[in-house]
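Step one of this worksheet: look at the structure below.
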Amino acid sequence: MAYDFDLFVIGAGSGGVRAARFAAGFGAKVAVAESRYLGGTCVNVGCVPKKLLVYGAHVADELEQAAGYGWSLEEGHFDWGTLIANKNREIERLNGIYRNLLVNSGVTLLQGHARLTGANEVEVEGQRYSARHILIATGGWPQVPDIPGKELAITSNEAFYLKSLPRRVLVVGGGYIAVEFAGIFQGLGAATSLLYRGDLFLRGFDGSVRTHLKEELEKRGLDLQFNADIQHIDKLEDGSLKATLKDGRELQADCVFYATGRRPMLDNLGLENTGVELDERGYIRVDEQYQTTAPSVLAIGDVIGRVQLTPVALAEGMAVARRLFKPEQYRPVDYQNIPTAVFSQPPIGTVGLTEEQALAAGHKVQIFESRFRAMKLTLTDIQEKTLMKLVVDADTDKVLGCHMVGPDAGEIIQGLGIALKAGATKQQFDETIGVHPTAAEEFVTLRTASR
C-alpha cells in the first residue's frame, strides 16, 4: 500500500521535532502536526522560560553580594513586565527556529489538532493522511487536584504569562518544579510559602541533598510548610485568595501555584481507534523500541512516563528515527547515569545513584561528603554553604553517584556525568588534578570518607 507519509509525528516538542528532522534527513517523507506551539513544553512553558526567570531572580543575589566587592549600588527596582516581555520575545525567536528546522529539513508542517482515525491514519482539521508509521510525542500537561476552588489556582502554564508579580504566593508541591518556582517568586520579591503534603520535598533525590537544600532555603527566608495540604480555595472580596488547609489553618495569598504532577497529554487523540493500550499509570504502553500495542504506532517522551526530561525525549526521538530509517546507526537509549539539575536557589546537580539507592541495590558504600562556604561569598556576610557528595562502591572503588547543591551545580555535574558513564573509580577522581581555585575541584580532593 502506498502511504502519504513514511512517518507522521503528532507533537512538535523536543522529541517529535528531533525524530521528524532526522527521519527526513535519512530520506523519509515526514509530516508533523502541532496544535499549540512549536518547541513543546520545554521551549514555551518549561525549562527555557523557567531558566530565564531563574536568571532574573538570581540578580538579587548578585546585588546583595556586590557591596563586599566594593560596589555601592542604589536600591534596585524590579519590573516583572519587562522580564516577561523580554522572555516572550526570546520564546518567539525560538519558535521561529523550530519552524525553520522542520521546514528546511523537508518536513511537512501541519498546524492543527491531530487525531488518530486508525492505526495508519491521522486526521488534521478535517483532512485525513495515511502513514506507514505514526509517532505520538504530545508531551504532558500540569494537573491540579480536584478540590473546591481549583479554578482559582494556576500552574506553570499560566505562571509565565502573569500580568504582574503577585505580592504573596503559595506554591503547592514537593517536586522540582515547585521548588524552582518557589525560588523564582521569592527571588523576584514575592512573599512565598512552599506547601508540601509530605515530610520533605524532592522525594527520590539523595537524602543529604534534600536536607541541605531545606536548610539553605530556610536561611533565605523561604517559608517551608511540610505535612501541609490545601482542602479548598476561596476568593475574597478584595480579589485575594484564601486557602484552607486540611489541618484547619487558613492562609491568604494573591496567587496559588500548583506543581503537583503532570499527566500525559492524550486528550481527543483517538487512541481508541488504534488498539494502543495505556499502562496502569495512564501512560502509553511501549516496548524497548517505543512501539505501542498497535505495531504501526510509536510513542516517546512524557507520554510514555519514563524519564521525563527534554534531553531524554531528544535521545528517544533520535533512536526512533535511526531504527526506522537508518538501522545501521541505531543504538538504544541508555537510561543509566542521566545527569540532572534542579534550578532551585541554590541549584542542585546530580548524576548516578543516591546513597539510599546504592544501599537498596546491595552495594557496600563509602560516602565522601563536604560542606563549605564558596570562595565568592568570603567577602560578604552571606553564610550559604555548598554541598558536594560522592557515593562510592567500597568493593570496586567505582563512583556510583555524584551530588551537589551550590552555584553552577548543573554546569559542573555535566562533566561528571561523562566520568560516571565511563565507569570512573574514586582513585581516578583522586588522581585528576583540580582547577584551582574553583568549587568543582572539591570533587577531586575529597580524600577521607565521611562514613
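Ordered as shown in the C-alpha cells, chains take letters A, B, and onward, while each chain numbers its residues from 1 and ligands are numbered from 1 in the order shown.
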Neighbour list for Ala178 in chain A as a ChimeraX atom specification, cut-off 8 Å, only C-alpha atoms, skip fewer than 5 positions in-chain: /A:171-173,194,258-260
Sorted by chain and rising residue number, which residues of range 284-337 of chain A lie within 7 Å of range 23-38 of chain A, and what are their closest atom pairs and distances in Å to one decimal, counting only C-alpha atoms, as CSV?
residue,atom,partner,partner_atom,distance
A:Ala321,CA,A:Ala23,CA,4.9
A:Phe325,CA,A:Phe26,CA,6.1
A:Lys326,CA,A:Phe26,CA,6.5
Selection file, N, CA, C and O atoms, as a short mmCIF file (atom, residue, chain, number, x, y, z; two decimals), in the first residue's frame:
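Listed below is the output, again.cif:
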data_model
loop_
_atom_site.label_atom_id
_atom_site.label_comp_id
_atom_site.auth_asym_id
_atom_site.auth_seq_id
_atom_site.Cartn_x
_atom_site.Cartn_y
_atom_site.Cartn_z
N ALA A 321 14.05 7.49 14.89
CA ALA A 321 14.39 7.83 13.51
C ALA A 321 15.45 6.88 12.95
O ALA A 321 15.35 6.42 11.80
N PHE A 325 14.67 4.26 9.88
CA PHE A 325 15.14 4.71 8.57
C PHE A 325 16.66 4.68 8.38
O PHE A 325 17.14 4.94 7.29
N LYS A 326 17.41 4.36 9.43
CA LYS A 326 18.86 4.24 9.32
C LYS A 326 19.33 3.21 10.33
O LYS A 326 20.11 3.49 11.24
#
Given only C-alpha atoms as the counted atoms, nearest of A:Ala422, A:Leu377, A:Leu416, A:Val54 to Thr350 in chain A: A:Leu416
DSSP-assigned alpha helix (DSSP H) among range 176-344 of chain A, expressed as a PyMOL selection string: chain A and resi 176-187+207-219+310-325
Take the residues from that selection and put them in a file with N, CA and C atoms, as a short mmCIF file (atom, residue, chain, number, x, y, z; two decimals), in the first residue's frame.
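To be explicit, this is the file written out as selection33.cif:
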data_model
loop_
_atom_site.label_atom_id
_atom_site.label_comp_id
_atom_site.auth_asym_id
_atom_site.auth_seq_id
_atom_site.Cartn_x
_atom_site.Cartn_y
_atom_site.Cartn_z
N TYR A 176 10.53 19.06 41.70
CA TYR A 176 11.50 20.08 41.30
C TYR A 176 10.83 21.34 40.75
N ILE A 177 9.68 21.21 40.09
CA ILE A 177 9.01 22.39 39.54
C ILE A 177 8.55 23.30 40.67
N ALA A 178 8.00 22.71 41.72
CA ALA A 178 7.55 23.50 42.87
C ALA A 178 8.73 24.21 43.53
N VAL A 179 9.82 23.50 43.73
CA VAL A 179 10.99 24.09 44.39
C VAL A 179 11.57 25.21 43.54
N GLU A 180 11.63 24.99 42.23
CA GLU A 180 12.20 26.01 41.34
C GLU A 180 11.34 27.27 41.34
N PHE A 181 10.02 27.12 41.21
CA PHE A 181 9.16 28.30 41.16
C PHE A 181 9.08 29.01 42.51
N ALA A 182 9.19 28.28 43.60
CA ALA A 182 9.24 28.95 44.90
C ALA A 182 10.46 29.87 44.96
N GLY A 183 11.59 29.40 44.43
CA GLY A 183 12.79 30.22 44.40
C GLY A 183 12.66 31.41 43.47
N ILE A 184 11.98 31.21 42.34
CA ILE A 184 11.77 32.32 41.39
C ILE A 184 10.92 33.41 42.04
N PHE A 185 9.76 33.02 42.56
CA PHE A 185 8.86 34.02 43.14
C PHE A 185 9.52 34.76 44.30
N GLN A 186 10.19 34.00 45.17
CA GLN A 186 10.83 34.65 46.31
C GLN A 186 11.98 35.55 45.86
N GLY A 187 12.79 35.06 44.92
CA GLY A 187 13.93 35.83 44.45
C GLY A 187 13.53 37.13 43.77
N GLY A 207 19.28 11.88 50.12
CA GLY A 207 18.84 12.44 51.40
C GLY A 207 19.65 13.63 51.85
N SER A 208 20.96 13.59 51.64
CA SER A 208 21.81 14.73 52.03
C SER A 208 21.45 15.96 51.23
N VAL A 209 21.15 15.78 49.94
CA VAL A 209 20.77 16.89 49.07
C VAL A 209 19.47 17.53 49.54
N ARG A 210 18.49 16.69 49.86
CA ARG A 210 17.19 17.19 50.29
C ARG A 210 17.30 18.00 51.58
N THR A 211 18.03 17.45 52.53
CA THR A 211 18.17 18.12 53.82
C THR A 211 18.96 19.41 53.69
N HIS A 212 20.04 19.36 52.89
CA HIS A 212 20.88 20.54 52.73
C HIS A 212 20.11 21.67 52.06
N LEU A 213 19.35 21.34 51.01
CA LEU A 213 18.60 22.39 50.33
C LEU A 213 17.54 22.99 51.26
N LYS A 214 16.90 22.16 52.06
CA LYS A 214 15.92 22.66 53.03
C LYS A 214 16.57 23.70 53.93
N GLU A 215 17.75 23.38 54.45
CA GLU A 215 18.44 24.30 55.36
C GLU A 215 18.80 25.62 54.66
N GLU A 216 19.26 25.52 53.40
CA GLU A 216 19.65 26.73 52.69
C GLU A 216 18.45 27.59 52.31
N LEU A 217 17.35 26.97 51.95
CA LEU A 217 16.15 27.74 51.62
C LEU A 217 15.61 28.44 52.86
N GLU A 218 15.70 27.78 54.00
CA GLU A 218 15.25 28.42 55.24
C GLU A 218 16.13 29.61 55.58
N LYS A 219 17.44 29.50 55.32
CA LYS A 219 18.34 30.64 55.54
C LYS A 219 17.92 31.84 54.71
N THR A 310 13.78 16.75 28.84
CA THR A 310 13.94 17.12 27.43
C THR A 310 15.05 16.35 26.73
N PRO A 311 16.27 16.27 27.29
CA PRO A 311 17.33 15.54 26.59
C PRO A 311 17.01 14.06 26.39
N VAL A 312 16.20 13.49 27.28
CA VAL A 312 15.80 12.10 27.13
C VAL A 312 14.84 11.96 25.95
N ALA A 313 13.88 12.89 25.83
CA ALA A 313 12.96 12.86 24.68
C ALA A 313 13.73 13.02 23.38
N LEU A 314 14.74 13.87 23.38
CA LEU A 314 15.59 14.05 22.19
C LEU A 314 16.27 12.74 21.82
N ALA A 315 16.82 12.07 22.82
CA ALA A 315 17.51 10.80 22.56
C ALA A 315 16.54 9.74 22.06
N GLU A 316 15.33 9.72 22.62
CA GLU A 316 14.32 8.75 22.18
C GLU A 316 13.89 9.04 20.74
N GLY A 317 13.73 10.32 20.41
CA GLY A 317 13.37 10.69 19.04
C GLY A 317 14.43 10.28 18.04
N MET A 318 15.68 10.47 18.42
CA MET A 318 16.80 10.06 17.56
C MET A 318 16.81 8.55 17.39
N ALA A 319 16.56 7.82 18.47
CA ALA A 319 16.57 6.35 18.40
C ALA A 319 15.47 5.84 17.46
N VAL A 320 14.29 6.44 17.53
CA VAL A 320 13.19 6.03 16.65
C VAL A 320 13.55 6.29 15.19
N ALA A 321 14.05 7.49 14.89
CA ALA A 321 14.39 7.83 13.51
C ALA A 321 15.45 6.88 12.95
N ARG A 322 16.45 6.57 13.76
CA ARG A 322 17.51 5.68 13.30
C ARG A 322 16.99 4.26 13.09
N ARG A 323 16.22 3.77 14.03
CA ARG A 323 15.76 2.38 13.91
C ARG A 323 14.88 2.19 12.68
N LEU A 324 14.02 3.17 12.40
CA LEU A 324 13.11 3.03 11.28
C LEU A 324 13.76 3.28 9.92
N PHE A 325 14.67 4.26 9.88
CA PHE A 325 15.14 4.71 8.57
C PHE A 325 16.66 4.68 8.38
#
Give me, as an mmCIF file with all heavy atoms, in the first residue's frame, all polymer residues having an atom no more than 12 Å from Ala419 in chain A, counting only C-alpha atoms and skipping those fewer than 2 positions away in the same chain.
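Printed below is selection.cif as written:
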data_model
loop_
_atom_site.group_PDB
_atom_site.id
_atom_site.type_symbol
_atom_site.label_atom_id
_atom_site.label_comp_id
_atom_site.auth_asym_id
_atom_site.auth_seq_id
_atom_site.Cartn_x
_atom_site.Cartn_y
_atom_site.Cartn_z
ATOM 1 N N ASN A 337 22.621 6.637 34.633
ATOM 2 C CA ASN A 337 23.532 7.768 34.855
ATOM 3 C C ASN A 337 23.168 8.989 34.013
ATOM 4 O O ASN A 337 24.013 9.579 33.336
ATOM 5 C CB ASN A 337 24.980 7.350 34.588
ATOM 6 C CG ASN A 337 25.480 6.334 35.587
ATOM 7 O OD1 ASN A 337 25.116 6.377 36.760
ATOM 8 N ND2 ASN A 337 26.295 5.395 35.138
ATOM 9 N N ILE A 338 21.896 9.372 34.050
ATOM 10 C CA ILE A 338 21.453 10.591 33.362
ATOM 11 C C ILE A 338 21.673 11.783 34.298
ATOM 12 O O ILE A 338 21.086 11.843 35.379
ATOM 13 C CB ILE A 338 19.966 10.487 32.981
ATOM 14 C CG1 ILE A 338 19.752 9.348 31.978
ATOM 15 C CG2 ILE A 338 19.469 11.805 32.403
ATOM 16 C CD1 ILE A 338 18.299 9.074 31.666
ATOM 17 N N PRO A 339 22.523 12.732 33.910
ATOM 18 C CA PRO A 339 22.734 13.911 34.767
ATOM 19 C C PRO A 339 21.463 14.765 34.823
ATOM 20 O O PRO A 339 20.749 14.899 33.834
ATOM 21 C CB PRO A 339 23.865 14.673 34.064
ATOM 22 C CG PRO A 339 24.439 13.728 33.064
ATOM 23 C CD PRO A 339 23.333 12.799 32.689
ATOM 24 N N VAL A 351 23.984 13.060 39.462
ATOM 25 C CA VAL A 351 24.099 12.005 38.458
ATOM 26 C C VAL A 351 24.419 10.696 39.175
ATOM 27 O O VAL A 351 25.155 10.675 40.154
ATOM 28 C CB VAL A 351 25.185 12.329 37.402
ATOM 29 C CG1 VAL A 351 26.573 12.459 38.022
ATOM 30 C CG2 VAL A 351 25.193 11.279 36.288
ATOM 31 N N GLY A 352 23.812 9.612 38.690
ATOM 32 C CA GLY A 352 24.086 8.304 39.286
ATOM 33 C C GLY A 352 23.183 7.994 40.457
ATOM 34 O O GLY A 352 22.127 8.601 40.650
ATOM 35 N N LYS A 398 34.351 1.938 42.376
ATOM 36 C CA LYS A 398 33.635 2.660 41.321
ATOM 37 C C LYS A 398 32.761 3.750 41.935
ATOM 38 O O LYS A 398 32.096 3.540 42.951
ATOM 39 C CB LYS A 398 32.770 1.686 40.519
ATOM 40 C CG LYS A 398 32.071 2.309 39.334
ATOM 41 C CD LYS A 398 31.281 1.247 38.557
ATOM 42 C CE LYS A 398 30.543 1.845 37.369
ATOM 43 N NZ LYS A 398 29.797 0.796 36.607
ATOM 44 N N VAL A 399 32.781 4.916 41.322
ATOM 45 C CA VAL A 399 31.926 6.016 41.774
ATOM 46 C C VAL A 399 30.511 5.752 41.269
ATOM 47 O O VAL A 399 30.280 5.669 40.057
ATOM 48 C CB VAL A 399 32.431 7.383 41.275
ATOM 49 C CG1 VAL A 399 31.490 8.496 41.745
ATOM 50 C CG2 VAL A 399 33.845 7.642 41.789
ATOM 51 N N LEU A 400 29.574 5.616 42.191
ATOM 52 C CA LEU A 400 28.201 5.279 41.839
ATOM 53 C C LEU A 400 27.317 6.509 41.681
ATOM 54 O O LEU A 400 26.322 6.473 40.953
ATOM 55 C CB LEU A 400 27.598 4.378 42.915
ATOM 56 C CG LEU A 400 28.318 3.052 43.193
ATOM 57 C CD1 LEU A 400 27.671 2.350 44.378
ATOM 58 C CD2 LEU A 400 28.297 2.172 41.951
ATOM 59 N N GLY A 401 27.672 7.591 42.377
ATOM 60 C CA GLY A 401 26.833 8.782 42.310
ATOM 61 C C GLY A 401 27.586 10.032 42.717
ATOM 62 O O GLY A 401 28.474 9.984 43.574
ATOM 63 N N CYS A 402 27.233 11.152 42.069
ATOM 64 C CA CYS A 402 27.799 12.462 42.407
ATOM 65 C C CYS A 402 26.634 13.417 42.630
ATOM 66 O O CYS A 402 25.710 13.478 41.815
ATOM 67 C CB CYS A 402 28.665 13.007 41.272
ATOM 68 S SG CYS A 402 30.003 11.936 40.749
ATOM 69 N N ILE A 412 28.567 21.918 36.511
ATOM 70 C CA ILE A 412 29.626 21.031 36.998
ATOM 71 C C ILE A 412 29.245 19.569 36.824
ATOM 72 O O ILE A 412 30.070 18.733 36.429
ATOM 73 C CB ILE A 412 29.937 21.359 38.479
ATOM 74 C CG1 ILE A 412 30.595 22.744 38.574
ATOM 75 C CG2 ILE A 412 30.826 20.290 39.113
ATOM 76 C CD1 ILE A 412 30.724 23.280 39.988
ATOM 77 N N ILE A 413 27.981 19.240 37.081
ATOM 78 C CA ILE A 413 27.584 17.832 37.074
ATOM 79 C C ILE A 413 27.606 17.249 35.667
ATOM 80 O O ILE A 413 27.726 16.031 35.489
ATOM 81 C CB ILE A 413 26.187 17.678 37.731
ATOM 82 C CG1 ILE A 413 26.131 16.372 38.544
ATOM 83 C CG2 ILE A 413 25.080 17.722 36.708
ATOM 84 C CD1 ILE A 413 26.976 16.362 39.785
ATOM 85 N N GLN A 414 27.496 18.105 34.634
ATOM 86 C CA GLN A 414 27.515 17.585 33.267
ATOM 87 C C GLN A 414 28.823 16.850 32.979
ATOM 88 O O GLN A 414 28.827 15.754 32.418
ATOM 89 C CB GLN A 414 27.332 18.731 32.265
ATOM 90 C CG GLN A 414 27.389 18.299 30.806
ATOM 91 C CD GLN A 414 26.202 17.454 30.403
ATOM 92 O OE1 GLN A 414 25.121 17.971 30.152
ATOM 93 N NE2 GLN A 414 26.376 16.145 30.330
ATOM 94 N N GLY A 415 29.953 17.433 33.387
ATOM 95 C CA GLY A 415 31.242 16.777 33.169
ATOM 96 C C GLY A 415 31.380 15.501 33.967
ATOM 97 O O GLY A 415 31.952 14.506 33.483
ATOM 98 N N LEU A 416 30.836 15.507 35.181
ATOM 99 C CA LEU A 416 30.906 14.301 35.999
ATOM 100 C C LEU A 416 30.027 13.198 35.432
ATOM 101 O O LEU A 416 30.301 12.009 35.640
ATOM 102 C CB LEU A 416 30.498 14.621 37.435
ATOM 103 C CG LEU A 416 31.438 15.584 38.173
ATOM 104 C CD1 LEU A 416 30.926 15.878 39.563
ATOM 105 C CD2 LEU A 416 32.848 15.022 38.248
ATOM 106 N N GLY A 417 28.990 13.578 34.690
ATOM 107 C CA GLY A 417 28.157 12.584 34.022
ATOM 108 C C GLY A 417 28.961 11.745 33.038
ATOM 109 O O GLY A 417 28.747 10.537 32.907
ATOM 110 N N LYS A 421 29.580 7.729 33.242
ATOM 111 C CA LYS A 421 29.248 6.927 32.065
ATOM 112 C C LYS A 421 30.441 6.062 31.661
ATOM 113 O O LYS A 421 30.285 4.938 31.180
ATOM 114 C CB LYS A 421 28.842 7.853 30.912
ATOM 115 C CG LYS A 421 28.392 7.151 29.652
ATOM 116 C CD LYS A 421 27.017 6.526 29.793
ATOM 117 C CE LYS A 421 25.914 7.543 29.736
ATOM 118 N NZ LYS A 421 24.568 6.922 29.760
ATOM 119 N N ALA A 422 31.629 6.592 31.883
ATOM 120 C CA ALA A 422 32.854 5.867 31.532
ATOM 121 C C ALA A 422 33.280 4.881 32.618
ATOM 122 O O ALA A 422 34.276 4.163 32.453
ATOM 123 C CB ALA A 422 33.988 6.855 31.247
ATOM 124 N N GLY A 423 32.558 4.863 33.753
ATOM 125 C CA GLY A 423 32.878 3.912 34.816
ATOM 126 C C GLY A 423 34.038 4.318 35.691
ATOM 127 O O GLY A 423 34.785 3.461 36.199
ATOM 128 N N ALA A 424 34.231 5.609 35.914
ATOM 129 C CA ALA A 424 35.377 6.104 36.681
ATOM 130 C C ALA A 424 35.369 5.584 38.121
ATOM 131 O O ALA A 424 34.318 5.380 38.729
ATOM 132 C CB ALA A 424 35.383 7.626 36.684
ATOM 133 N N THR A 425 36.573 5.392 38.648
ATOM 134 C CA THR A 425 36.743 4.966 40.037
ATOM 135 C C THR A 425 37.106 6.161 40.913
ATOM 136 O O THR A 425 37.507 7.222 40.414
ATOM 137 C CB THR A 425 37.859 3.924 40.156
ATOM 138 O OG1 THR A 425 39.099 4.541 39.757
ATOM 139 C CG2 THR A 425 37.573 2.711 39.283
ATOM 140 N N LYS A 426 36.998 5.966 42.205
ATOM 141 C CA LYS A 426 37.381 7.028 43.138
ATOM 142 C C LYS A 426 38.870 7.332 42.997
ATOM 143 O O LYS A 426 39.282 8.498 43.092
ATOM 144 C CB LYS A 426 37.057 6.609 44.575
ATOM 145 C CG LYS A 426 37.412 7.663 45.628
ATOM 146 C CD LYS A 426 36.622 8.945 45.442
ATOM 147 C CE LYS A 426 36.766 9.895 46.620
ATOM 148 N NZ LYS A 426 38.117 10.415 46.818
ATOM 149 N N GLN A 428 40.607 7.279 40.298
ATOM 150 C CA GLN A 428 40.775 8.149 39.134
ATOM 151 C C GLN A 428 40.328 9.574 39.429
ATOM 152 O O GLN A 428 40.935 10.535 38.940
ATOM 153 C CB GLN A 428 39.997 7.564 37.944
ATOM 154 C CG GLN A 428 40.637 6.292 37.395
ATOM 155 C CD GLN A 428 39.753 5.571 36.398
ATOM 156 O OE1 GLN A 428 38.519 5.576 36.527
ATOM 157 N NE2 GLN A 428 40.366 4.945 35.408
ATOM 158 N N PHE A 429 39.282 9.726 40.248
ATOM 159 C CA PHE A 429 38.908 11.062 40.703
ATOM 160 C C PHE A 429 40.072 11.681 41.471
ATOM 161 O O PHE A 429 40.455 12.829 41.247
ATOM 162 C CB PHE A 429 37.668 10.984 41.612
ATOM 163 C CG PHE A 429 36.355 11.117 40.890
ATOM 164 C CD1 PHE A 429 35.991 10.216 39.903
ATOM 165 C CD2 PHE A 429 35.469 12.137 41.207
ATOM 166 C CE1 PHE A 429 34.776 10.327 39.255
ATOM 167 C CE2 PHE A 429 34.241 12.264 40.557
ATOM 168 C CZ PHE A 429 33.893 11.349 39.568
ATOM 169 N N THR A 432 43.002 12.928 39.412
ATOM 170 C CA THR A 432 42.717 14.035 38.499
ATOM 171 C C THR A 432 43.076 15.352 39.181
ATOM 172 O O THR A 432 42.651 15.608 40.308
ATOM 173 C CB THR A 432 41.225 14.050 38.107
ATOM 174 O OG1 THR A 432 40.906 12.817 37.460
ATOM 175 C CG2 THR A 432 40.916 15.209 37.170
ATOM 176 N N PHE A 443 35.426 17.988 44.097
ATOM 177 C CA PHE A 443 35.089 16.621 43.722
ATOM 178 C C PHE A 443 36.322 15.745 43.529
ATOM 179 O O PHE A 443 36.229 14.518 43.595
ATOM 180 C CB PHE A 443 34.242 16.614 42.442
ATOM 181 C CG PHE A 443 32.767 16.773 42.688
ATOM 182 C CD1 PHE A 443 32.080 17.868 42.174
ATOM 183 C CD2 PHE A 443 32.060 15.847 43.441
ATOM 184 C CE1 PHE A 443 30.714 18.018 42.390
ATOM 185 C CE2 PHE A 443 30.699 15.992 43.675
ATOM 186 C CZ PHE A 443 30.016 17.080 43.152
ATOM 187 N N VAL A 444 37.490 16.328 43.273
ATOM 188 C CA VAL A 444 38.706 15.518 43.096
ATOM 189 C C VAL A 444 39.658 15.663 44.280
ATOM 190 O O VAL A 444 40.796 15.186 44.233
ATOM 191 C CB VAL A 444 39.413 15.862 41.769
ATOM 192 C CG1 VAL A 444 38.518 15.536 40.587
ATOM 193 C CG2 VAL A 444 39.875 17.313 41.726
#
Residue contacts of Arg285 in chain A (12 Å, only C-alpha atoms) excluding same-chain residues fewer than 3 positions away, as a list in words: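 So, after excluding close chain neighbours, the residues are Ile136, Pro264, Leu271, Gly275, Val276, Glu277, Leu278, Asp279, Glu280, Arg281, Gly282, Glu288, Gln289, Tyr290, Gln291, Thr292, Thr293, Ala294, Pro295, Val297, Leu298, Ala299, Ile300, Gly301, Asp302, Val303, Ile304, Gly305 and Arg306 of chain A.
Considering only C-alpha atoms, the residue among A:Thr380, A:Thr274, A:Thr386, A:Gln231 positioned nearest to Ala119 in chain A is A:Thr274.
Atom pair CA of His403 in chain A / CA of Thr378 in chain A: separated by 23.1 Å.
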Pairwise distance for CA of Leu200 in chain A and CA of Ala440 in chain A, rounded to one decimal in Å: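 About the pair CA of Leu200 in chain A and CA of Ala440 in chain A: they are 27.3 Å apart.
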Residues near range 96-98 of chain A, cut-off 9 Å, only C-alpha atoms, skip fewer than 6 positions along chain, as a PyMOL selection string: chain A and resi 12+17+38-39
Could the residues in this selection be written to a file with N, CA, C and O atoms, as an mmCIF file, in the first residue's frame?
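Contents of selection_0.cif, as written:
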data_model
loop_
_atom_site.group_PDB
_atom_site.id
_atom_site.type_symbol
_atom_site.label_atom_id
_atom_site.label_comp_id
_atom_site.auth_asym_id
_atom_site.auth_seq_id
_atom_site.Cartn_x
_atom_site.Cartn_y
_atom_site.Cartn_z
ATOM 1 N N ALA A 12 4.995 18.737 18.097
ATOM 2 C CA ALA A 12 6.253 19.369 17.671
ATOM 3 C C ALA A 12 7.047 19.862 18.870
ATOM 4 O O ALA A 12 7.550 20.983 18.892
ATOM 5 N N VAL A 17 10.145 16.842 17.165
ATOM 6 C CA VAL A 17 10.926 17.581 16.163
ATOM 7 C C VAL A 17 12.222 16.849 15.846
ATOM 8 O O VAL A 17 12.618 16.739 14.682
ATOM 9 N N LEU A 38 5.258 25.507 18.646
ATOM 10 C CA LEU A 38 6.429 24.762 18.217
ATOM 11 C C LEU A 38 7.477 24.774 19.323
ATOM 12 O O LEU A 38 7.753 25.804 19.933
ATOM 13 N N GLY A 39 8.073 23.627 19.561
ATOM 14 C CA GLY A 39 9.071 23.521 20.613
ATOM 15 C C GLY A 39 8.549 22.850 21.865
ATOM 16 O O GLY A 39 9.319 22.494 22.751
#
DSSP-assigned strand (DSSP E or B) members of range 104-327 of chain A, reported as an NGL selection string: :A and (108-111 or 114-118 or 121-124 or 127-136 or 140-142 or 154 or 168-172 or 191-196 or 223-226 or 230-235 or 241-245 or 250-253 or 255-258 or 262-264 or 278 or 284 or 291 or 297-299)
Between CA of Met404 in chain A and CA of Met388 in chain A, distance in Å (one decimal):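 Straight-line distance from CA of Met404 in chain A to CA of Met388 in chain A works out to 4.5 Å.
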Residue among A:Leu309, A:Ala253, A:Ala341, A:Ile91 lying closest to Ser14 in chain A, counting only C-alpha atoms: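 Answer, going by the shortest atom-to-atom distance: A:Leu309.
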Distance criterion (only C-alpha atoms): nearest to Asn104 in chain A out of A:Val391, A:Ala20, A:Cys42, A:Leu7: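 The answer is A:Ala20, which sits nearest to Asn104 in chain A.
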